[in-house]
Structures are given as structure tokens and as C-alpha cells.
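Take a look at the structure below.
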Amino acid sequence: MHSGLDNSAELRVSDFDPITLAGGTRTEVLPGAIQPHAALLALAPADLTIVHAAGATASLLGAAAELLPGTAASTAFSSDQIARLQALATAERWIERPQHAFTLNAPDATPIDVIVHHASGLLVVELDPRREPAPENSLALVQSMIRRARPAPNLQGFCDAMAAELRSVTGFDRVMVYRFARDGSADVIAEARGPETSPFLGLRDPQPDISNQPGSISRIRVQPDVHAPAAPLWPAHSPRNGLALDLSFSATRSASPEHRLYLAQLGVAASLSLSLVVEGELWGLIVCHHATPRFLPYRMREACALFAEMASLQLETRLAADQLAARLRSTRIHEELVTRMSQESDLAEGLIRFYPNLLDFIPAAGVGLWIDGQFTGIGATPGPAQVAAMMGWLHGVPHDGVYHTDCLALAYPPAKAFAGCASGLLALSLSNTPHNYVLWFRPEVVRVVTWAGMPNKPVGVDAGAPRTPKGCASSWQESVRLHGEPWLDTDVDAAHRLRESLLDVVLRRIDGIARERRSAQLLQEQLMRQVELGLSRSKDVAKTLQEEKRRRVLVEADLSKVLRRTVEDQEAERLRIARELHDTLGQSLTLLQLGFDKLGQAAGDNPELQQRIAEMKSLTADVGRQANRLAWEIRPTALDDLGIQTAIQNLLDSWSEKSSIEFDLHMTLGSRRLPSPVETTLYRVLQEALTNVVRHASARHVSVILQLGDDQVTMIVEDDGCGFVTAGRKPPSGRLGLLGIRERLSLVGGSLEIESAPGKG
């Protein structure tokens with residue numbers, strides 16, 4: 001980079017009277033002068049009298065600027081143009097930003113763009129001759145530029161695309177995207193340049209053309225020729241009120257002499273600066289440099305300004321998306337922390353237990369807790385003694401509950417000793433008495449800043465860093481020490497939200513404890529009354545329970561007798577019916593069979609009659625078999641005559657014939673006979689169990705085990721069917737047979753056990 005000092009000898013700060021912007025911490029020079037190739041008239045809105053004049057009025061309007069104040073604008077414009085200016089001057093809404101009013105021709109036929117806006121209570125009329133062709137369709141040009149830049153995958157890619165698009169359209173030698181730092185300087189984060197142009201990427205500019213100080217934000221600043229002497233206003237101050245004319249939004253305003261000198265030092269002859277505004281604040285600039293003078297026409301400049309505004313919206317969207325992602329991440333961790341803290345009986349103990357999550361909540365190298373004078377830390381943190389000393393200082397620092405700095409050593413000099421782990425501090429106050437804090441630490445990040453010009457003395461700059469002569473703008477390199485990575489607004493906001501939530505947890509816990517105490521007191525009083533009432537009734541209740549127990553025993557005994565009698569009567573009735581079917585009906589069917597035999601002998605050789613007799617004999621035999629089967633099912637004779645073993649074997653054979661299930665039988669009774677009620681009960685239980693298996697289990701194999709011990713007999717029925725749920729549920733209506741089995745077994749001192757689960761038989 002070359003200095004260009006020889007070309008800037010004519011630039012002197014005393015060339016014109018500067019104006020200082022109000023409201024800024026750093027003064028920005030607003031010269032009361034414009035670019036010498038253009039002209040400016042400031043008109044009183046009421047009568048269009050010229051109050052100020054400047055620039056090339058002699059060549060453009062035929063009169064020197066110093067002669068025009070106090071004269072009527074009609075001496076410079078036609079009646080139609082005066083009517084247009086009068087309408088604009090007295091419009092209901094003042095024109096804050098310059099807009100094109102009309103076009104007129106200079107004496108040499110050069111088209112002149114007439115641009116107007118309101119400032120300082122006057123209508124500012126600027127005449128800007130066109131020296132380069134203007135775009136035919138500015139809106140289409142801007143749309144195509146945005147369309148090509150929009151697909152960039154990230155913020156850096158979008159900034160690169162902005163620089164490339166603007167250079168392609170304007171033809172400037174170099175186009176840069178600046179991002180403002182906290183100290184008001186600006187870093188070059190993207191650049192598009194010609195092959196012969198030296199790079200500025202990565203430099204920090206101490207004097208960007210448009211300051212990021214509070215106040216109105218100019219969209220555009222243009223300096224077509226930094227070496228051309230500025231044209232001052234005549235007069236410098238208004239004769240009506242003594243105030244200088246505000247040229248903040250002037251389309252032809254000249255840059256401050258300091259900035260023009262600075263550009264000349266960089267070898268820049270022409271510049272264009274466009275504001276990038278995010279959420280109403282100046283985020284950065286698009287700055288164009290050219291080695292020779294460039295006179296962009298007004299419509300091209302407006303197209304560039306519109307492109308910058310649309311690019312600002314894209315920047316705002318991308319930055320908002322990044323902030324939203326960070327906020328969602330911190331919100332998720334925040335909710336988890338608050339939920340956990342809400343469940344802790346002691347907030348301090350809960351924070352100590354879960355403080356590793358705090359390191360995820362706000363990105364840092366270390367996090368610590370200062371609770372009741374004790375320090376607990378994780379990651380890179382100062383030692384307990386260093387933190388204890390720092391806490392004594394932090395207690396006296398005024399803050400709104402969250403204190404943060406990225407240069408702790410500047411505010412607390414002893415922090416230089418542990419800058420390697422804690423150059424940045426974010427402290428969240430949990431209480432005033434005692435002073436409890438959550439502390440996040442960020443280590444020192446040593447940066448080498450290359451200044452594109454003479455910097456103001458930055459905070460934390462290594463005083464021993466070498467410096468080369470002032471004339472070489474690229475040689476100002478500063479080693480920035482004792483600084484950590486800056487805390488983002490999302491980090492500070494997350495800390496405030498966490499503090500509010502934790503304090504809310506504490507308040508709710510205090511309120512909850514008070515409510516619990518009141519509720520406990522009321523409950524205790526109520527319980528005491530209930531106890532007294534209960535004691536007075538306890539004797540009556542005991543007597544009532546004893547009487548109910550006695551009655552229940554009697555009722556259960558009666559029910560047992562009735563059930564036993566019912567079962568005995570049922571079995572007796574079944575036995576009677578079975579014998580009646582076997583003896584009476586069986587004998588009748590036998591006699592009927594014999595009668596059919598004699599009838600067949602008497603029928604002779606009549607084939608039809610013989611066939612009918614044979615059918616009747618077959619039907620009679622079938623009825624006999626069904627009667628025998630029915631009698632056996634009602635009460636198998638083998639159960640009374642041959643015993644339980646034979647009866648069970650016959651039962652399984654019968655079920656095997658009627659179903660596709662395979663049955664296994666294992667009995668260890670030997671030749672012993674069991675009491676008749678026990679054999680009957682076992683037979684009926686098995687009969688009901690097999691019925692349930694065939695109907696509901698979808699089983700392929702059933703095993704029956706009957707074994708006799710010293711004082712009890714056990715029968716086990718197993719299947720490989722679908723099974724069912726047994727625990728914790730009442731038997732459904734389709735399983736009432738199980739209730740009958742339990743009742744039958746209880747009459748002979750038996751019990752039923754069921755082991756089943758879905759899919760396990």
C-alpha cells in the first residue's frame with residue numbers, strides 16, 4: 001500500500017468551517033462545503049429565496065455562489081421548475097432523503113440531475129452534472145444484484161458476494177465490506193479488487209467515511225475526486241438564525257478534510273461509501289475505492305444505495321437467524337436448568353450439582369460459583385484465592401445484576417496475573433446478601449491488528465509493539481493484549497434471563513414455604529379435631545367391627561354349607577340323570593333295536609322296506625351312542641366304578657377325538673383311590689380347564705399331571721397357547737369358569753394357582 005502524501009498537499013483542515021454532530025461521543029466533522037463539480041442552493045420554503053449557495057453555480061446557473069444568497073430562485077429556474085420546487089418545498093411531509101426532482105441542461109448541454117431534500121428548515125436543491133451514463137432501469141439492476149448475492153451459504157459468503165456484485169456494476173478498483181468494531185473503527189471483512197490493486201482485506205480502518213455514532217444514519221457518501229478543493233457554503237451560517245446548514249444527507253456534500261487526507265494517503269482518488277443498517281443501527285459499510293476520479297451519476301448512486309438497503313435486510317435476516325439459533329440453544333439449556341433448580345430444596349446446592357450445564361449455557365472456557373464465600377469451578381478459572389480477592393472488588397462495582405467485560409485487567413488491574421484464563425468475565429448476581437455469583441471466564445486472545453491509518457490509542461495495546469513511520473498506512477500493527485473474546489448480546493441477554501428465572505425460583509420457593517406453613521398449621525388444627533372426634537368414636541367403631549366380623553363369619557359358614565350342599569345335590573342329580581339315560585333310555589333303545597330286527601325278518605324280500613328298516617336301526621344305534629356319551633359327560637360311570645385315573649384318561653381321549661390338540665397324561669396315584677368328593681372335584685376342575693383351553697388358548701399341546709403326596713394331591717394343566725394377563729386385573733366376563741373352579745376347590749380344602757402371560761401359555 002502506498003501513502004500518496006505528495007498528491008494531498010493542497011488538502012488543509014482550515015479549508016472550510018467544520019460542523020460537529022450533536023449526540024455523539026466522538027465528533028464527526030461535517031464540512032459546510034460540497035464537491036466543486038456540483039452546485040447547491042438552500043431555499044426558504046415560503047418564497048424560495050436563496051439562503052445558502054455553493055459550488056459551480058457560475059458554470060451551471062450563470063452566477064457565482066457568493067452573489068446568489070438573498071435573491072429569488074426564479075432567477076435560476078424556469079417557471080415550471082419553480083412550480084415543481086414550490087410544491088416540494090411546501091409538501092405535507094418533508095423530504096428527509098434526497099430525491100430526484102427534475103433534469104435540466106447546462107450551457108454545454110450536459111444533463112444535470114436536480115436533487116432536493118429538506119434540512120435545517122430549508123429546501124436544499126443540489127445540481128449534479130452527469131459525467132457518466134446512468135443505468136436505464138435502476139430497479140432491475142438492483143434486483144439482479146440481490147438475486148445473485150442471495151444464495152450465499154453464510155454471512156461471510158454473502159459479504160463476499162456483495163463486494164463482487166458492487167464492483168461488477170460500478171467498476172471501482174476496490175470494493176470492501178467493513179464491519180464496525182466496538183471502538184468505532186471498522187474491519188475489512190470482505191473485498192473484491194482488480195489484479196493491480198493492493199489488498200486491504202483484514203485491515204482495520206480508524207476513520208470510516210460514515211461514523212457509527214448515534215444519530216441519523218446516512219445511506220451514502222460519495223467523494224468523486226478527493227484532490228479537488230471543496231466548495232464552501234455562502235454564507236457559512238444562516239443570516240436568519242445564525243445556524244449552519246446541516247448537510248448530513250446532502251448528495252454532493254464534500255468529505256471532511258481529515259478523511260480526504262486519509263484517502264489520499266491510501267492512494268485513493270475517488271470513494272463511495274454505503275451504509276449497512278441492521279435493526280436501526282449501523283452494522284457496517286460497503287466502501288468503494290478508485291485510483292482515478294469517478295463521477296457516478298445520481299441514479300447509479302441511488303441504485304447502489306438501494307442495493308445496500310436490500311443487502312442490509314438480508315444481513316439482518318441472517319444475523320437474526322444466527323441469534324435465534326443461539327437463543328434457542330440457550331433457551332433449551334435455560335429451561336432445563338430452571339426445571340432442575342425448581343426441584344432442588346437448596347438453590348446453592350442445586351447450582352453446585354448442575355454447574356457443568358452452565359458452561360453449555362454461555363460459551364466460555366470456565367465457569368465457577370461463588371456461594372457463601374466458597375468458590376467451586378470447572379474448566380479454566382482463576383484460583384480460589386484470586387477469585388476471593390476479585391469478589392471484594394466486584395461487590396463494589398455498580399451493575400444491574402449482570403456484569404461483563406472482555407478486558408477484566410482494565411477494570412481490575414490484579415487480573416493481569418490470571419489473564420491467560422480470565423481476561424473476559426461475565427458475572428451473574430444471585431443475591432445481595434450474601435453476595436453470591438455465577439461466574440463465566442474467557443481466556444486472553446492475543447490479536448495483531450493492522451491499522452489502515454493512524455489509530456487512536458486502543459485500550460489494551462502493547463506499548464512495546466514496534467511502529468513504522470506514519471506515512472505508511474499499512475505498517476501500523478498493534479498487538480492487542482489482555483482481551484478475551486467479546487461477550488455477545490445474546491450471551492448477556494441469556495445471563496439476564498437466567499438471573500430473572502433463578503430469582504423467580506427463589507421467590508416462588510419462599511412463597512411456597514409460607515403457603516405450606518399456613519396449610520400445615522390449618523391441617524394440624526383440623527387433624528387434632530379429627531383425632532379428638534376419632535377417639536370419641538373409636539370404641540363404637542371397635543364394637544361395630546367386632547359385630548360385623550362375627551356376622552361375616554356366620555354368613556361365610558352358611559354360604560359354605562349352601563355351596564357344598566348345592567354341589568352335592570348337583571352331582572347327585574347328574575348321577576341320577578346319567579343312570580336314567582344309561583339304564584332306562586338305553587334299555588328302551590335296545591328293545592327298539594330288537595324290534596327293528598324282527599320287523600326286518602317279517603318284511604321278506606321287499607327291498608324298499610328293508611332299506612327303511614336299516615335306516616331306522618342305524619338311527620336308533622346313533623341315538624344310543626349319543627345317549628351314552630351324554631350320560632358319560634354328565635357323570636362318567638368310570639369315576640364311580642373305576643376311579644379318577646380311568647375317568648381322566650377317558651376324558652382326554654374324548655377331547656383328543658373332538659379337537660386337533662395333542663394331550664399328555666402323567667399320573668402317580670398308583671392303585672390308591674381318593675375320597676369321592678375329591679375325585680369329583682378334580683374331574684370337574686380338569687373338565688372346565690380343558691374347555692377353556694380348547695375355546696380360548698389356540699393351543700397345540702396340553703399336558704395333565706396328577707400326583708399324590710403325603711397329605712395332598714396336585715393336578716397341573718399346562719398348554720402352549722396364547723396366554724393372558726393375570727396380575728392386577730379382575731377376571732373378565734369370559735373367565736367366570738375360574739371363579740367356579742376356586743369355589744369347588746374351597747369345598748374340599750383346595751386352592752387354585754394360575755401362571756400365565758400373553759404369548760406364554
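Each chain of the C-alpha cells is named A, B, ... in the order shown, its residues numbered from 1; ligands are numbered from 1 in display order.
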Residues within 9 Å of Leu166 in chain A, only C-alpha atoms, excluding chain neighbours under 4 positions, as a ChimeraX atom specification | /A:145,161-162,170-172,175,192,286,288,304,307
Write the selection just made, keeping all heavy atoms, as a PDB file, in the first residue's frame?
ATOM      1  N   MET A 145     -28.731  -7.833  -8.889  1.00  0.00           N
ATOM      2  CA  MET A 145     -27.596  -7.905  -7.961  1.00  0.00           C
ATOM      3  C   MET A 145     -27.965  -8.702  -6.709  1.00  0.00           C
ATOM      4  O   MET A 145     -27.209  -9.579  -6.271  1.00  0.00           O
ATOM      5  CB  MET A 145     -27.151  -6.485  -7.576  1.00  0.00           C
ATOM      6  CG  MET A 145     -26.566  -5.673  -8.731  1.00  0.00           C
ATOM      7  SD  MET A 145     -26.362  -3.921  -8.292  1.00  0.00           S
ATOM      8  CE  MET A 145     -25.061  -4.027  -7.058  1.00  0.00           C
ATOM      9  N   ALA A 161     -20.089 -11.793  -1.721  1.00  0.00           N
ATOM     10  CA  ALA A 161     -20.935 -11.608  -2.900  1.00  0.00           C
ATOM     11  C   ALA A 161     -21.342 -10.143  -3.061  1.00  0.00           C
ATOM     12  O   ALA A 161     -21.413  -9.627  -4.183  1.00  0.00           O
ATOM     13  CB  ALA A 161     -22.165 -12.502  -2.796  1.00  0.00           C
ATOM     14  N   MET A 162     -21.617  -9.450  -1.955  1.00  0.00           N
ATOM     15  CA  MET A 162     -21.955  -8.024  -2.037  1.00  0.00           C
ATOM     16  C   MET A 162     -20.817  -7.239  -2.675  1.00  0.00           C
ATOM     17  O   MET A 162     -21.040  -6.406  -3.568  1.00  0.00           O
ATOM     18  CB  MET A 162     -22.250  -7.478  -0.635  1.00  0.00           C
ATOM     19  CG  MET A 162     -23.599  -7.838  -0.068  1.00  0.00           C
ATOM     20  SD  MET A 162     -23.999  -6.835   1.392  1.00  0.00           S
ATOM     21  CE  MET A 162     -22.722  -7.341   2.535  1.00  0.00           C
ATOM     22  N   THR A 170     -20.290  -1.147 -10.694  1.00  0.00           N
ATOM     23  CA  THR A 170     -19.754   0.219 -10.687  1.00  0.00           C
ATOM     24  C   THR A 170     -18.393   0.328 -11.364  1.00  0.00           C
ATOM     25  O   THR A 170     -18.017   1.410 -11.836  1.00  0.00           O
ATOM     26  CB  THR A 170     -19.622   0.715  -9.240  1.00  0.00           C
ATOM     27  OG1 THR A 170     -18.697  -0.133  -8.534  1.00  0.00           O
ATOM     28  CG2 THR A 170     -20.971   0.680  -8.544  1.00  0.00           C
ATOM     29  N   GLY A 171     -17.612  -0.752 -11.389  1.00  0.00           N
ATOM     30  CA  GLY A 171     -16.295  -0.706 -11.999  1.00  0.00           C
ATOM     31  C   GLY A 171     -15.222  -0.101 -11.128  1.00  0.00           C
ATOM     32  O   GLY A 171     -14.132   0.223 -11.621  1.00  0.00           O
ATOM     33  N   PHE A 172     -15.466   0.067  -9.813  1.00  0.00           N
ATOM     34  CA  PHE A 172     -14.433   0.595  -8.929  1.00  0.00           C
ATOM     35  C   PHE A 172     -13.270  -0.387  -8.842  1.00  0.00           C
ATOM     36  O   PHE A 172     -13.437  -1.602  -8.968  1.00  0.00           O
ATOM     37  CB  PHE A 172     -15.009   0.840  -7.534  1.00  0.00           C
ATOM     38  CG  PHE A 172     -15.651   2.195  -7.377  1.00  0.00           C
ATOM     39  CD1 PHE A 172     -16.997   2.379  -7.653  1.00  0.00           C
ATOM     40  CD2 PHE A 172     -14.904   3.284  -6.959  1.00  0.00           C
ATOM     41  CE1 PHE A 172     -17.592   3.614  -7.505  1.00  0.00           C
ATOM     42  CE2 PHE A 172     -15.498   4.530  -6.815  1.00  0.00           C
ATOM     43  CZ  PHE A 172     -16.834   4.697  -7.087  1.00  0.00           C
ATOM     44  N   VAL A 175     -13.661  -2.817  -3.918  1.00  0.00           N
ATOM     45  CA  VAL A 175     -14.904  -2.712  -3.147  1.00  0.00           C
ATOM     46  C   VAL A 175     -14.726  -3.564  -1.890  1.00  0.00           C
ATOM     47  O   VAL A 175     -14.375  -4.741  -1.974  1.00  0.00           O
ATOM     48  CB  VAL A 175     -16.131  -3.193  -3.946  1.00  0.00           C
ATOM     49  CG1 VAL A 175     -17.378  -3.131  -3.071  1.00  0.00           C
ATOM     50  CG2 VAL A 175     -16.310  -2.353  -5.203  1.00  0.00           C
ATOM     51  N   ALA A 192     -13.400  -7.177  -2.962  1.00  0.00           N
ATOM     52  CA  ALA A 192     -13.295  -7.523  -4.384  1.00  0.00           C
ATOM     53  C   ALA A 192     -12.447  -6.436  -5.028  1.00  0.00           C
ATOM     54  O   ALA A 192     -12.734  -5.246  -4.883  1.00  0.00           O
ATOM     55  CB  ALA A 192     -14.676  -7.597  -5.022  1.00  0.00           C
ATOM     56  N   ILE A 286     -20.236  -0.599   2.972  1.00  0.00           N
ATOM     57  CA  ILE A 286     -19.630  -1.047   1.721  1.00  0.00           C
ATOM     58  C   ILE A 286     -18.861   0.149   1.185  1.00  0.00           C
ATOM     59  O   ILE A 286     -19.433   1.211   0.925  1.00  0.00           O
ATOM     60  CB  ILE A 286     -20.685  -1.504   0.700  1.00  0.00           C
ATOM     61  CG1 ILE A 286     -21.569  -2.610   1.277  1.00  0.00           C
ATOM     62  CG2 ILE A 286     -20.002  -1.997  -0.572  1.00  0.00           C
ATOM     63  CD1 ILE A 286     -22.677  -3.050   0.345  1.00  0.00           C
ATOM     64  N   CYS A 288     -16.123   1.742  -1.608  1.00  0.00           N
ATOM     65  CA  CYS A 288     -15.519   1.575  -2.937  1.00  0.00           C
ATOM     66  C   CYS A 288     -14.382   2.587  -3.107  1.00  0.00           C
ATOM     67  O   CYS A 288     -14.543   3.771  -2.772  1.00  0.00           O
ATOM     68  CB  CYS A 288     -16.567   1.789  -4.030  1.00  0.00           C
ATOM     69  SG  CYS A 288     -18.065   0.803  -3.830  1.00  0.00           S
ATOM     70  N   CYS A 304     -27.057   1.961  -6.066  1.00  0.00           N
ATOM     71  CA  CYS A 304     -26.127   1.373  -5.102  1.00  0.00           C
ATOM     72  C   CYS A 304     -26.680   1.489  -3.679  1.00  0.00           C
ATOM     73  O   CYS A 304     -26.567   0.560  -2.869  1.00  0.00           O
ATOM     74  CB  CYS A 304     -24.766   2.062  -5.194  1.00  0.00           C
ATOM     75  SG  CYS A 304     -23.898   1.766  -6.767  1.00  0.00           S
ATOM     76  N   PHE A 307     -29.363  -1.024  -3.262  1.00  0.00           N
ATOM     77  CA  PHE A 307     -28.753  -2.348  -3.098  1.00  0.00           C
ATOM     78  C   PHE A 307     -28.249  -2.536  -1.666  1.00  0.00           C
ATOM     79  O   PHE A 307     -28.431  -3.602  -1.060  1.00  0.00           O
ATOM     80  CB  PHE A 307     -27.596  -2.510  -4.086  1.00  0.00           C
ATOM     81  CG  PHE A 307     -26.773  -3.742  -3.860  1.00  0.00           C
ATOM     82  CD1 PHE A 307     -27.253  -5.003  -4.184  1.00  0.00           C
ATOM     83  CD2 PHE A 307     -25.508  -3.652  -3.286  1.00  0.00           C
ATOM     84  CE1 PHE A 307     -26.487  -6.141  -3.969  1.00  0.00           C
ATOM     85  CE2 PHE A 307     -24.738  -4.780  -3.066  1.00  0.00           C
ATOM     86  CZ  PHE A 307     -25.236  -6.030  -3.404  1.00  0.00           C
TER      87      PHE A 307
END
Leaving out range 665-676 of chain A and any residue of its chain fewer than 5 positions from it, which residues lie within 8 Å of it when counting only C-alpha atoms, given as a ChimeraX atom specification?
-> /A:640,643-645,649,703-708
Per-residue DSSP, range 231-308 of chain A, filtered to strand (DSSP E or B), as a count of residues only = 25
List every residue of range 87-282 of chain A that DSSP, applied to the backbone, labels as helix (DSSP H, G or I), and write the result as JSON, numbers by chain.
-> {"A": [87, 88, 89, 138, 139, 140, 141, 142, 143, 144, 145, 146, 147, 148, 149, 155, 156, 157, 158, 159, 160, 161, 162, 163, 164, 165, 166, 167, 168, 169, 170, 257, 258, 259, 260, 261, 262, 263, 264, 265]}
Same residues, N, CA, C and O atoms, output as a compact mmCIF listing (two decimals), in the first residue's frame:
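Now in selection15.txt:
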# COMPACT_ATOMS: atom_id res chain seq x y z
N ALA A 87 -43.92 23.16 -4.94
CA ALA A 87 -44.73 22.03 -4.46
C ALA A 87 -43.93 21.14 -3.52
O ALA A 87 -44.44 20.66 -2.50
N LEU A 88 -42.67 20.93 -3.86
CA LEU A 88 -41.83 20.09 -2.99
C LEU A 88 -41.51 20.79 -1.69
O LEU A 88 -41.47 20.17 -0.62
N ALA A 89 -41.28 22.11 -1.74
CA ALA A 89 -40.91 22.86 -0.54
C ALA A 89 -42.03 22.89 0.48
O ALA A 89 -41.79 22.88 1.69
N SER A 138 -32.83 1.23 -12.96
CA SER A 138 -32.10 1.04 -11.71
C SER A 138 -32.67 -0.10 -10.88
O SER A 138 -31.94 -0.89 -10.28
N LEU A 139 -34.01 -0.21 -10.84
CA LEU A 139 -34.64 -1.24 -10.02
C LEU A 139 -34.29 -2.64 -10.52
O LEU A 139 -33.96 -3.53 -9.73
N ALA A 140 -34.34 -2.83 -11.84
CA ALA A 140 -33.99 -4.15 -12.40
C ALA A 140 -32.53 -4.48 -12.11
O ALA A 140 -32.18 -5.64 -11.83
N LEU A 141 -31.66 -3.44 -12.16
CA LEU A 141 -30.25 -3.67 -11.87
C LEU A 141 -30.07 -4.14 -10.42
O LEU A 141 -29.35 -5.11 -10.16
N VAL A 142 -30.75 -3.48 -9.48
CA VAL A 142 -30.63 -3.86 -8.07
C VAL A 142 -31.19 -5.25 -7.84
O VAL A 142 -30.61 -6.07 -7.09
N GLN A 143 -32.31 -5.55 -8.45
CA GLN A 143 -32.91 -6.87 -8.28
C GLN A 143 -31.98 -7.98 -8.75
O GLN A 143 -31.85 -9.02 -8.10
N SER A 144 -31.33 -7.77 -9.88
CA SER A 144 -30.41 -8.79 -10.38
C SER A 144 -29.20 -8.93 -9.46
O SER A 144 -28.70 -10.05 -9.23
N MET A 145 -28.73 -7.83 -8.89
CA MET A 145 -27.60 -7.91 -7.96
C MET A 145 -27.96 -8.70 -6.71
O MET A 145 -27.21 -9.58 -6.27
N ILE A 146 -29.12 -8.41 -6.15
CA ILE A 146 -29.56 -9.13 -4.94
C ILE A 146 -29.80 -10.60 -5.26
O ILE A 146 -29.47 -11.49 -4.47
N ARG A 147 -30.38 -10.85 -6.43
CA ARG A 147 -30.68 -12.25 -6.81
C ARG A 147 -29.39 -13.06 -6.91
O ARG A 147 -29.37 -14.24 -6.55
N ARG A 148 -28.31 -12.45 -7.38
CA ARG A 148 -27.05 -13.19 -7.49
C ARG A 148 -26.34 -13.33 -6.15
O ARG A 148 -25.62 -14.29 -5.93
N ALA A 149 -26.55 -12.38 -5.25
CA ALA A 149 -25.84 -12.44 -3.96
C ALA A 149 -26.59 -13.29 -2.93
O ALA A 149 -25.97 -13.86 -2.03
N LEU A 155 -22.87 -15.87 6.26
CA LEU A 155 -22.69 -14.43 6.35
C LEU A 155 -21.44 -13.98 5.60
O LEU A 155 -21.47 -12.99 4.86
N GLN A 156 -20.33 -14.69 5.78
CA GLN A 156 -19.11 -14.31 5.09
C GLN A 156 -19.28 -14.41 3.57
O GLN A 156 -18.84 -13.52 2.83
N GLY A 157 -19.90 -15.49 3.12
CA GLY A 157 -20.13 -15.64 1.69
C GLY A 157 -21.01 -14.54 1.13
O GLY A 157 -20.80 -14.07 0.00
N PHE A 158 -22.00 -14.10 1.91
CA PHE A 158 -22.87 -13.02 1.44
C PHE A 158 -22.10 -11.70 1.35
O PHE A 158 -22.29 -10.93 0.40
N CYS A 159 -21.24 -11.43 2.31
CA CYS A 159 -20.42 -10.21 2.25
C CYS A 159 -19.49 -10.25 1.04
O CYS A 159 -19.30 -9.23 0.35
N ASP A 160 -18.88 -11.40 0.77
CA ASP A 160 -18.04 -11.53 -0.42
C ASP A 160 -18.86 -11.25 -1.68
O ASP A 160 -18.39 -10.58 -2.62
N ALA A 161 -20.09 -11.79 -1.72
CA ALA A 161 -20.93 -11.61 -2.90
C ALA A 161 -21.34 -10.14 -3.06
O ALA A 161 -21.41 -9.63 -4.18
N MET A 162 -21.62 -9.45 -1.96
CA MET A 162 -21.96 -8.02 -2.04
C MET A 162 -20.82 -7.24 -2.68
O MET A 162 -21.04 -6.41 -3.57
N ALA A 163 -19.59 -7.48 -2.21
CA ALA A 163 -18.45 -6.75 -2.75
C ALA A 163 -18.27 -7.05 -4.23
O ALA A 163 -18.03 -6.13 -5.05
N ALA A 164 -18.40 -8.32 -4.60
CA ALA A 164 -18.21 -8.70 -6.00
C ALA A 164 -19.28 -8.07 -6.89
O ALA A 164 -18.98 -7.57 -7.99
N GLU A 165 -20.53 -8.07 -6.46
CA GLU A 165 -21.62 -7.51 -7.27
C GLU A 165 -21.45 -6.01 -7.45
O GLU A 165 -21.62 -5.48 -8.56
N LEU A 166 -21.11 -5.30 -6.39
CA LEU A 166 -21.00 -3.85 -6.50
C LEU A 166 -19.80 -3.47 -7.37
O LEU A 166 -19.88 -2.50 -8.15
N ARG A 167 -18.73 -4.21 -7.28
CA ARG A 167 -17.58 -3.90 -8.16
C ARG A 167 -17.92 -4.17 -9.62
O ARG A 167 -17.54 -3.42 -10.52
N SER A 168 -18.67 -5.28 -9.86
CA SER A 168 -19.04 -5.60 -11.23
C SER A 168 -19.92 -4.52 -11.85
O SER A 168 -19.78 -4.20 -13.03
N VAL A 169 -20.79 -3.92 -11.05
CA VAL A 169 -21.74 -2.93 -11.58
C VAL A 169 -21.09 -1.56 -11.71
O VAL A 169 -21.28 -0.86 -12.71
N THR A 170 -20.29 -1.15 -10.69
CA THR A 170 -19.75 0.22 -10.69
C THR A 170 -18.39 0.33 -11.36
O THR A 170 -18.02 1.41 -11.84
N PRO A 257 -12.00 17.20 5.67
CA PRO A 257 -10.60 17.29 5.18
C PRO A 257 -9.74 16.16 5.74
O PRO A 257 -8.85 15.67 5.05
N GLU A 258 -9.99 15.74 6.99
CA GLU A 258 -9.21 14.64 7.55
C GLU A 258 -9.42 13.37 6.73
O GLU A 258 -8.47 12.63 6.43
N HIS A 259 -10.68 13.10 6.36
CA HIS A 259 -10.96 11.88 5.62
C HIS A 259 -10.39 11.96 4.20
O HIS A 259 -9.87 10.96 3.68
N ARG A 260 -10.46 13.12 3.59
CA ARG A 260 -9.88 13.27 2.25
C ARG A 260 -8.37 13.10 2.29
O ARG A 260 -7.77 12.47 1.42
N LEU A 261 -7.74 13.64 3.35
CA LEU A 261 -6.31 13.46 3.51
C LEU A 261 -5.98 11.99 3.72
O LEU A 261 -5.01 11.46 3.16
N TYR A 262 -6.79 11.32 4.52
CA TYR A 262 -6.58 9.89 4.79
C TYR A 262 -6.70 9.08 3.50
O TYR A 262 -5.88 8.19 3.23
N LEU A 263 -7.71 9.39 2.67
CA LEU A 263 -7.86 8.67 1.41
C LEU A 263 -6.67 8.93 0.48
O LEU A 263 -6.18 8.02 -0.20
N ALA A 264 -6.20 10.17 0.47
CA ALA A 264 -5.05 10.49 -0.37
C ALA A 264 -3.82 9.72 0.08
O ALA A 264 -3.01 9.27 -0.74
N GLN A 265 -3.67 9.54 1.40
CA GLN A 265 -2.55 8.75 1.91
C GLN A 265 -2.63 7.30 1.42
O GLN A 265 -1.60 6.65 1.26
Would you mind reading off the distance between CA of Asp400 in chain A and CA of Asp493 in chain A, one decimal, in Å?
-> 12.1 Å
Surrounding residues of Val693 in chain A excluding itself and chain neighbours under 4 positions, 9 Å, only C-alpha atoms, as number ranges by chain | A: 688-689, 697-699, 702, 719, 721
Pick the closest to Met715 in chain A from A:Ser751, A:Thr646, A:Ser275, A:Ser431: which is it, counting only C-alpha atoms?
->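 Closest to Met715 in chain A, using only C-alpha atoms: A:Ser751.
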Which polymer residues have any atom within 8 Å of an atom of Ala54 in chain A, counting only C-alpha atoms, with same-chain residues fewer than 4 positions away left out, as a PyMOL selection string?
-> chain A and resi 33-34+39-41+65-66+231-234
Among listed residues A:Cys407, A:Ile115, A:Val438, A:Ala385, nearest Leu482 in chain A (using only C-alpha atoms) |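 Result for the nearest residue to Leu482 in chain A: A:Cys407.
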Please measure the separation of CA of Ser185 in chain A and CA of Gly401 in chain A, giving the value in Å to one decimal.
->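 That distance, rounded to one decimal, is 29.6 Å.
The two atoms in question, CA of Ala422 in chain A and CA of Arg497 in chain A, are spaced 23.1 Å apart.
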